[in-house]
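For reference, run.txt (compact mmCIF, C-alpha atoms):
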# COMPACT_ATOMS: atom_id res chain seq x y z
CA MET A 18 -29.17 248.38 208.08
CA LYS A 19 -32.92 248.22 207.71
CA ARG A 20 -34.42 249.69 204.58
CA THR A 21 -37.87 250.71 203.48
CA SER A 22 -39.44 248.88 200.51
CA VAL A 23 -41.50 251.02 198.17
CA VAL A 24 -43.44 249.34 195.36
CA GLN A 25 -45.38 251.56 192.97
CA THR A 26 -47.36 248.77 191.25
CA PHE A 27 -47.70 245.08 192.05
CA HIS A 28 -50.01 242.88 189.98
CA ALA A 29 -50.41 239.16 190.61
CA GLU A 30 -53.09 236.99 189.03
CA THR A 31 -52.93 234.11 191.51
CA LEU A 32 -51.27 233.40 194.86
CA ILE A 33 -52.25 229.97 196.18
CA ILE A 34 -51.23 226.95 198.25
CA SER A 35 -48.96 228.27 201.00
CA SER A 36 -47.34 230.99 198.89
CA VAL A 37 -45.96 234.18 200.40
CA LEU A 38 -45.93 237.73 199.08
CA GLN A 39 -43.79 239.88 201.37
CA ILE A 40 -43.11 243.54 200.76
CA GLY A 41 -40.76 244.82 203.43
CA ASP A 42 -38.19 243.27 205.70
CA SER A 43 -38.75 240.05 207.57
CA GLU A 44 -36.76 237.98 210.01
CA ARG A 45 -37.94 234.60 208.77
CA ILE A 46 -40.19 233.28 205.98
CA SER A 47 -41.32 229.67 206.16
CA THR A 48 -43.74 227.92 203.80
CA ARG A 49 -44.88 224.31 203.62
CA THR A 50 -47.10 222.46 201.16
CA ARG A 51 -48.15 218.81 201.15
CA ALA A 52 -50.50 217.79 198.36
CA LEU A 53 -51.95 214.51 197.15
CA ALA A 54 -53.79 214.63 193.83
CA VAL A 55 -55.54 211.51 192.54
CA GLN A 56 -57.25 211.32 189.17
CA ARG A 57 -59.30 208.19 188.54
CA GLN A 58 -61.22 207.09 185.51
CA TYR A 59 -63.61 205.19 187.79
CA GLU A 60 -64.66 206.02 191.35
CA LEU A 61 -63.12 203.07 193.13
CA PHE A 62 -61.45 203.23 196.53
CA PHE A 63 -59.27 200.60 198.19
CA GLY A 64 -59.67 201.54 201.85
CA PRO A 65 -57.60 204.12 203.70
CA GLU A 66 -55.82 206.43 201.31
CA GLY A 67 -53.79 209.52 202.03
CA GLU A 68 -50.41 211.00 202.81
CA GLN A 69 -49.34 208.35 205.31
CA ILE A 70 -48.95 205.57 202.70
CA PHE A 71 -46.59 207.41 200.33
CA PRO A 72 -42.89 207.66 201.22
CA VAL A 73 -42.54 211.09 199.60
CA PHE A 74 -44.42 212.58 202.57
CA ALA A 75 -42.37 210.82 205.26
CA LYS A 76 -38.79 211.10 203.98
CA PRO A 77 -36.71 213.63 205.90
CA ILE A 78 -35.56 216.71 204.03
CA PRO A 79 -31.76 216.70 203.62
CA ARG A 80 -30.13 219.43 205.71
CA TRP A 81 -26.67 220.96 205.62
CA THR A 82 -24.40 218.96 207.91
CA SER A 83 -21.77 221.69 207.91
CA PRO A 84 -22.01 225.43 207.49
CA PRO A 85 -22.42 226.47 203.86
CA PRO A 86 -19.33 227.94 202.23
CA THR A 87 -18.89 231.66 202.76
CA ALA A 88 -17.73 234.24 200.28
CA ALA A 89 -16.17 237.56 201.09
CA ARG A 90 -18.43 240.41 200.12
CA GLN A 91 -18.79 244.10 200.68
CA THR A 92 -22.19 245.74 200.40
CA LEU A 93 -22.86 249.44 200.10
CA HIS A 94 -26.43 250.63 200.49
CA GLU A 95 -26.44 254.09 198.97
CA SER A 96 -30.11 254.57 199.78
CA PRO A 97 -32.23 253.50 202.76
CA VAL A 98 -35.05 252.71 200.29
CA ILE A 99 -35.61 249.66 198.05
CA SER A 100 -37.57 251.22 195.22
CA VAL A 101 -39.48 249.09 192.72
CA GLN A 102 -41.52 250.64 189.95
CA SER A 103 -43.59 247.65 188.76
CA VAL A 104 -43.89 243.91 189.34
CA ARG A 105 -46.17 241.60 187.37
CA VAL A 106 -46.51 237.96 188.38
CA LEU A 107 -48.76 235.48 186.61
CA ALA A 108 -48.94 232.86 189.38
CA ILE A 109 -47.30 231.90 192.66
CA SER A 110 -48.03 228.43 193.99
CA SER A 111 -46.88 225.61 196.24
CA SER A 112 -44.61 227.24 198.81
CA ALA A 113 -43.21 229.88 196.47
CA ILE A 114 -41.96 233.20 197.84
CA VAL A 115 -41.97 236.64 196.21
CA HIS A 116 -40.11 239.01 198.50
CA ILE A 117 -39.16 242.64 198.03
CA GLY A 118 -37.02 243.45 201.02
CA SER A 119 -34.50 241.60 203.13
CA THR A 120 -34.77 238.53 205.33
CA SER A 121 -32.45 236.50 207.50
CA THR A 122 -33.94 233.06 206.79
CA ALA A 123 -36.23 231.73 204.08
CA GLU A 124 -37.36 228.09 204.08
CA ALA A 125 -39.75 226.52 201.59
CA GLU A 126 -40.90 222.91 201.30
CA ALA A 127 -43.30 221.47 198.74
CA ARG A 128 -44.11 217.76 198.62
CA MET A 129 -46.57 216.57 196.02
CA LYS A 130 -47.77 213.24 194.75
CA HIS A 131 -49.82 213.08 191.56
CA ILE A 132 -51.49 209.78 190.66
CA ARG A 133 -53.51 208.88 187.60
CA GLN A 134 -55.37 205.59 187.66
CA LEU A 135 -56.80 204.84 184.25
CA ALA A 136 -58.28 201.65 182.84
CA GLY A 137 -56.05 199.76 180.43
CA SER A 138 -56.92 199.64 176.74
CA GLU A 139 -57.64 195.87 176.85
CA SER A 140 -59.85 195.95 179.93
CA SER A 141 -62.53 198.39 180.89
CA ALA A 142 -62.46 197.32 184.56
CA PRO A 143 -60.18 199.28 186.89
CA THR A 144 -57.21 197.47 188.39
CA ARG A 145 -55.65 198.01 191.76
CA GLY A 146 -52.31 199.71 191.54
CA ARG A 147 -50.25 202.24 193.44
CA ASP A 148 -47.02 203.86 192.60
CA SER A 149 -44.67 204.89 195.38
Rendering of file as structure tokens:
Amino acid sequence: MKRTSVVQTFHAETLIISSVLQIGDSERISTRTRALAVQRQYELFFGPEGEQIFPVFAKPIPRWTSPPPTAARQTLHESPVISVQSVRVLAISSSAIVHIGSTSTAEAEARMKHIRQLAGSESSAPTRGRDS
């Protein structure tokens, strides 16, 4: 049974980086974020840098190898309307989903690598180093 979504007030400060705000039904929602953030005390580069050198971006996402367990349920929709008076969201980021309605499939993937390269306390010169 398809239903109508009615939202009186929706207030969101920030929706960024592959986030989805969906009011109403959908068949499929899919979001994907890949982010590399590097903070350096000194501007020093060691050649090619980017997603391809960090395993976090190349590892396959584990998938269900068998169907997920099912539970018996009975649903009664007394009204053909999903009615929401007010929603307030501060921030939605990095493949997050806010959905008022129904969907068959929702997939979200966020892969991030944060690196800080700071000079040691004994030496003021930057050193080469990468974490994996």
query = Which one of A:Val98, A:Arg49, A:Ile33, A:Pro65 sits closest to Arg128 in chain A if you count all atoms listed in the file?
reply = A:Arg49
query = What does the distance from CA of Ile70 in chain A to CA of Ile46 in chain A come to in Å, to one decimal?
reply =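 Taking CA of Ile70 in chain A and CA of Ile46 in chain A, their separation equals 29.2 Å.
Among the candidates A:Gln134, A:Thr26, A:Thr120, A:Ser36, the residue lying nearest to Thr50 in chain A is A:Ser36 (atoms considered: all atoms listed in the file).
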task = Please check which residues have atoms at most 12 Å from (-44.5, 221.7, 198.8) in the file's coordinates, counting all atoms listed in the file, and write them as a ChimeraX atom specification.
result = /A:33-36,47-53,73-74,78,110-114,124-130
Could you please take those selected residues and save C-alpha atoms as a CSV table (one decimal), in the coordinates of the input?
chain,number,residue,atom,x,y,z
A,33,ILE,CA,-52.2,230.0,196.2
A,34,ILE,CA,-51.2,227.0,198.2
A,35,SER,CA,-49.0,228.3,201.0
A,36,SER,CA,-47.3,231.0,198.9
A,47,SER,CA,-41.3,229.7,206.2
A,48,THR,CA,-43.7,227.9,203.8
A,49,ARG,CA,-44.9,224.3,203.6
A,50,THR,CA,-47.1,222.5,201.2
A,51,ARG,CA,-48.2,218.8,201.2
A,52,ALA,CA,-50.5,217.8,198.4
A,53,LEU,CA,-52.0,214.5,197.2
A,73,VAL,CA,-42.5,211.1,199.6
A,74,PHE,CA,-44.4,212.6,202.6
A,78,ILE,CA,-35.6,216.7,204.0
A,110,SER,CA,-48.0,228.4,194.0
A,111,SER,CA,-46.9,225.6,196.2
A,112,SER,CA,-44.6,227.2,198.8
A,113,ALA,CA,-43.2,229.9,196.5
A,114,ILE,CA,-42.0,233.2,197.8
A,124,GLU,CA,-37.4,228.1,204.1
A,125,ALA,CA,-39.8,226.5,201.6
A,126,GLU,CA,-40.9,222.9,201.3
A,127,ALA,CA,-43.3,221.5,198.7
A,128,ARG,CA,-44.1,217.8,198.6
A,129,MET,CA,-46.6,216.6,196.0
A,130,LYS,CA,-47.8,213.2,194.8
Long-range neighbours of Gly118 in chain A as a PyMOL selection string, 10 Å cut-off, all atoms listed in the file, 6 positions minimum in chain = chain A and resi 19-23+39-43+98-100
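Across the model, the gap from CA of Phe27 in chain A to CA of Arg105 in chain A is 6.0 Å.
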key: Interatomic distance, CA of Ile117 in chain A to CA of Arg90 in chain A (Å, one decimal)   = 21.0 Å
key: Near-Arg45 in chain A list (8 Å; only C-alpha atoms; drop same-chain fewer than 5 positions) as an MDAnalysis selection string   = chainID A and resid 120:123
query = So which one's closest to Leu38 in chain A, A:Arg57, A:Ser96, A:Val106, A:Ile132? Using all atoms listed in the file, please.
reply = A:Val106
query = Using all atoms listed in the file, which residue out of A:Ser83, A:His131, A:Leu107, A:Phe62 lies closest to Ala29 in chain A?
reply =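 With all atoms listed in the file as the atom set, the closest residue is A:Leu107.
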